[in-house]
Structure formats: C-alpha cells, structure tokens
$ cat final.txt   # compact mmCIF, N, CA and C atoms
# COMPACT_ATOMS: atom_id res chain seq x y z
N MET A 1 153.01 48.42 115.40
CA MET A 1 154.43 48.15 115.39
C MET A 1 154.75 46.86 116.15
N LYS A 2 154.03 46.66 117.26
CA LYS A 2 154.27 45.47 118.08
C LYS A 2 153.94 44.20 117.28
N LYS A 3 152.88 44.26 116.45
CA LYS A 3 152.51 43.10 115.63
C LYS A 3 153.62 42.74 114.66
N TYR A 4 154.27 43.75 114.10
CA TYR A 4 155.34 43.49 113.14
C TYR A 4 156.56 42.86 113.81
N ILE A 5 156.86 43.27 115.00
CA ILE A 5 157.98 42.70 115.73
C ILE A 5 157.70 41.24 116.08
N ILE A 6 156.49 40.96 116.52
CA ILE A 6 156.11 39.59 116.85
C ILE A 6 156.13 38.72 115.60
N ALA A 7 155.60 39.24 114.50
CA ALA A 7 155.58 38.47 113.24
C ALA A 7 157.00 38.20 112.76
N ALA A 8 157.87 39.19 112.85
CA ALA A 8 159.27 39.00 112.43
C ALA A 8 159.96 37.97 113.31
N ALA A 9 159.72 38.02 114.62
CA ALA A 9 160.33 37.05 115.54
C ALA A 9 159.85 35.64 115.23
N LEU A 10 158.56 35.48 114.95
CA LEU A 10 158.03 34.16 114.60
C LEU A 10 158.62 33.66 113.29
N LEU A 11 158.75 34.56 112.34
CA LEU A 11 159.32 34.19 111.05
C LEU A 11 160.78 33.75 111.19
N ILE A 12 161.54 34.49 111.94
CA ILE A 12 162.96 34.14 112.16
C ILE A 12 163.06 32.84 112.93
N GLY A 13 162.23 32.67 113.94
CA GLY A 13 162.25 31.43 114.73
C GLY A 13 161.87 30.23 113.90
N THR A 14 160.86 30.36 113.06
CA THR A 14 160.45 29.27 112.18
C THR A 14 161.55 28.93 111.19
N GLY A 15 162.18 29.96 110.64
CA GLY A 15 163.29 29.74 109.71
C GLY A 15 164.44 29.02 110.38
N ALA A 16 164.73 29.37 111.63
CA ALA A 16 165.82 28.71 112.36
C ALA A 16 165.51 27.24 112.60
N VAL A 17 164.27 26.94 112.95
CA VAL A 17 163.87 25.55 113.19
C VAL A 17 163.96 24.74 111.90
N ILE A 18 163.48 25.30 110.81
CA ILE A 18 163.53 24.60 109.52
C ILE A 18 164.98 24.37 109.10
N ASN A 19 165.82 25.38 109.27
CA ASN A 19 167.23 25.26 108.91
C ASN A 19 167.92 24.18 109.73
N THR A 20 167.68 24.14 111.03
CA THR A 20 168.28 23.13 111.90
C THR A 20 167.81 21.74 111.52
N THR A 21 166.53 21.60 111.22
CA THR A 21 165.99 20.30 110.81
C THR A 21 166.62 19.84 109.51
N MET A 22 166.74 20.73 108.55
CA MET A 22 167.35 20.37 107.27
C MET A 22 168.80 19.95 107.44
N GLN A 23 169.55 20.66 108.29
CA GLN A 23 170.94 20.30 108.52
C GLN A 23 171.04 18.93 109.19
N SER A 24 170.15 18.65 110.13
CA SER A 24 170.16 17.35 110.81
C SER A 24 169.83 16.23 109.83
N CYS A 25 168.84 16.45 108.99
CA CYS A 25 168.46 15.43 108.00
C CYS A 25 169.59 15.20 106.99
N THR A 26 170.23 16.27 106.57
CA THR A 26 171.33 16.14 105.62
C THR A 26 172.49 15.40 106.25
N THR A 27 172.80 15.71 107.49
CA THR A 27 173.89 15.03 108.20
C THR A 27 173.58 13.54 108.35
N LEU A 28 172.35 13.23 108.72
CA LEU A 28 171.96 11.83 108.88
C LEU A 28 171.99 11.09 107.55
N ALA A 29 171.49 11.74 106.50
CA ALA A 29 171.40 11.08 105.20
C ALA A 29 172.76 10.86 104.56
N THR A 30 173.76 11.65 104.92
CA THR A 30 175.08 11.49 104.31
C THR A 30 176.03 10.68 105.18
N SER A 31 175.60 10.26 106.35
CA SER A 31 176.46 9.42 107.19
C SER A 31 176.25 7.96 106.82
N ASP A 32 177.20 7.13 107.19
CA ASP A 32 177.10 5.69 106.88
C ASP A 32 175.89 5.07 107.57
N LEU A 33 175.65 5.45 108.80
CA LEU A 33 174.50 4.91 109.53
C LEU A 33 173.20 5.35 108.87
N GLY A 34 173.12 6.62 108.51
CA GLY A 34 171.91 7.13 107.86
C GLY A 34 171.65 6.45 106.53
N LEU A 35 172.70 6.26 105.75
CA LEU A 35 172.54 5.59 104.46
C LEU A 35 172.08 4.14 104.63
N SER A 36 172.61 3.46 105.64
CA SER A 36 172.18 2.07 105.85
C SER A 36 170.72 2.02 106.30
N ILE A 37 170.28 2.99 107.10
CA ILE A 37 168.88 3.02 107.53
C ILE A 37 167.97 3.30 106.34
N ILE A 38 168.34 4.28 105.51
CA ILE A 38 167.54 4.60 104.33
C ILE A 38 167.48 3.40 103.38
N LYS A 39 168.62 2.74 103.19
CA LYS A 39 168.67 1.57 102.31
C LYS A 39 167.75 0.47 102.83
N ARG A 40 167.80 0.23 104.13
CA ARG A 40 166.96 -0.81 104.73
C ARG A 40 165.48 -0.48 104.56
N LEU A 41 165.11 0.77 104.81
CA LEU A 41 163.70 1.17 104.66
C LEU A 41 163.23 1.01 103.22
N LEU A 42 164.07 1.44 102.27
CA LEU A 42 163.67 1.34 100.87
C LEU A 42 163.57 -0.11 100.43
N LEU A 43 164.54 -0.93 100.80
CA LEU A 43 164.51 -2.33 100.37
C LEU A 43 163.35 -3.08 101.02
N ASN A 44 163.08 -2.81 102.30
CA ASN A 44 161.94 -3.48 102.94
C ASN A 44 160.63 -3.07 102.28
N GLY A 45 160.50 -1.80 101.92
CA GLY A 45 159.29 -1.34 101.25
C GLY A 45 159.13 -1.96 99.88
N ILE A 46 160.24 -2.06 99.15
CA ILE A 46 160.19 -2.66 97.81
C ILE A 46 159.87 -4.14 97.91
N ASP A 47 160.50 -4.84 98.86
CA ASP A 47 160.21 -6.27 99.03
C ASP A 47 158.76 -6.50 99.42
N LYS A 48 158.24 -5.66 100.31
CA LYS A 48 156.84 -5.81 100.74
C LYS A 48 155.90 -5.57 99.56
N GLY A 49 156.19 -4.55 98.76
CA GLY A 49 155.36 -4.27 97.60
C GLY A 49 155.38 -5.39 96.59
N VAL A 50 156.56 -5.97 96.36
CA VAL A 50 156.68 -7.08 95.42
C VAL A 50 155.90 -8.28 95.94
N ASN A 51 155.97 -8.53 97.24
CA ASN A 51 155.22 -9.65 97.81
C ASN A 51 153.72 -9.46 97.68
N VAL A 52 153.25 -8.23 97.88
CA VAL A 52 151.81 -7.97 97.77
C VAL A 52 151.35 -8.17 96.33
N TYR A 53 152.10 -7.64 95.38
CA TYR A 53 151.66 -7.71 93.99
C TYR A 53 151.92 -9.06 93.34
N SER A 54 152.82 -9.87 93.92
CA SER A 54 153.07 -11.19 93.34
C SER A 54 152.08 -12.24 93.87
N ASN A 55 151.41 -11.94 94.97
CA ASN A 55 150.45 -12.86 95.56
C ASN A 55 149.04 -12.30 95.32
N ARG A 56 148.25 -13.01 94.54
CA ARG A 56 146.93 -12.52 94.15
C ARG A 56 146.04 -12.26 95.36
N ASP A 57 146.03 -13.18 96.33
CA ASP A 57 145.16 -13.02 97.50
C ASP A 57 145.59 -11.82 98.34
N ALA A 58 146.89 -11.64 98.52
CA ALA A 58 147.38 -10.49 99.29
C ALA A 58 147.03 -9.19 98.57
N PHE A 59 147.11 -9.21 97.25
CA PHE A 59 146.77 -8.01 96.48
C PHE A 59 145.29 -7.65 96.65
N LEU A 60 144.42 -8.66 96.61
CA LEU A 60 142.99 -8.39 96.73
C LEU A 60 142.61 -7.95 98.14
N GLN A 61 143.38 -8.35 99.16
CA GLN A 61 143.09 -7.94 100.53
C GLN A 61 143.67 -6.57 100.85
N ASN A 62 144.60 -6.10 100.04
CA ASN A 62 145.24 -4.81 100.26
C ASN A 62 144.25 -3.70 99.94
N ASN A 63 144.19 -2.65 100.76
CA ASN A 63 143.27 -1.53 100.53
C ASN A 63 143.57 -0.81 99.23
N MET A 64 144.84 -0.75 98.84
CA MET A 64 145.19 -0.05 97.62
C MET A 64 144.75 -0.84 96.39
N GLY A 65 144.57 -2.15 96.54
CA GLY A 65 144.19 -2.98 95.42
C GLY A 65 142.71 -2.96 95.14
N SER A 66 141.92 -2.47 96.07
CA SER A 66 140.47 -2.47 95.84
C SER A 66 140.04 -1.13 95.29
N VAL A 67 139.20 -1.19 94.29
CA VAL A 67 138.71 0.03 93.66
C VAL A 67 137.20 0.08 93.91
N SER A 68 136.75 1.21 94.37
CA SER A 68 135.31 1.35 94.60
C SER A 68 134.73 2.32 93.58
N LYS A 69 133.45 2.14 93.31
CA LYS A 69 132.76 3.02 92.40
C LYS A 69 132.47 4.34 93.09
N VAL A 70 132.18 5.37 92.31
CA VAL A 70 131.88 6.68 92.87
C VAL A 70 130.64 6.57 93.74
N GLY A 71 130.74 7.04 94.96
CA GLY A 71 129.61 7.03 95.89
C GLY A 71 129.43 5.73 96.63
N GLU A 72 130.22 4.69 96.29
CA GLU A 72 130.09 3.40 96.96
C GLU A 72 130.94 3.41 98.21
N LYS A 73 130.37 2.93 99.31
CA LYS A 73 131.11 2.86 100.58
C LYS A 73 131.92 1.58 100.59
N ARG A 74 133.11 1.69 101.19
CA ARG A 74 133.97 0.50 101.34
C ARG A 74 133.63 -0.25 102.57
$ encode --input "final.txt" --output "structure tokens"
Amino acid sequence: MKKYIIAAALLIGTGAVINTTMQSCTTLATSDLGLSIIKRLLLNGIDKGVNVYSNRDAFLQNNMGSVSKVGEKR
C-alpha cells in the first residue's frame, strides 16, 4: 500500500511540474517579449543556415555537410 501512495504522489508531483512548465512556456510564447525572442532565434538560425549553404567552403567544413561511409571514422 505504501508503494502505491508513493507512486501516486510522484505521479501527481510530476504532473504538476509539467503543467506549470507548459503554462510558463505558453505565457512566454504569447507575450510580446516572448514572440520577439522566438522571432530573433528563428531568423538568426535561418540566416546562419543560408550563409552555410550559400558558401561552398563553409558547407564543406560543416559537420552536417560531410557524409561518411558505413564503418568509416570521421
């Protein structure tokens, strides 16, 4: 019986933490400050990706641009 009480308490506690985190993320994402931060992160990531793929040398130096054969060490 004691195991069930402990398991239920952990489950409720985990649910409460997840719920609080989701509410905080939703509040941040729907605020003007949160939207500007998300916009900046997305645009910086897109600009960086465009720069990598538009420059041949940067693309070849990027880890994602190199393809290795099966079993070959990088």
$ atom_distance --input "final.txt" --atom1 "CA of Gly34 (chain A)" --atom2 "CA of Thr21 (chain A)"
14.7 Å
$ atom_distance --input "final.txt" --atom1 "atom N of Ile38 (chain A)" --atom2 "atom C of Ser24 (chain A)"
12.8 Å
$ axis_aligned_box --input "final.txt" --around "region 38-57 of chain A" --padding-each-side "4 Å" --output "lines of an AutoDock Vina configuration file"
center_x = 156.9
center_y = -4.3
center_z = 99.4
size_x = 31.5
size_y = 25.8
size_z = 20.2
$ atom_distance --input "final.txt" --atom1 "CA of Ile46 (chain A)" --atom2 "CA of Ser31 (chain A)"
22.3 Å
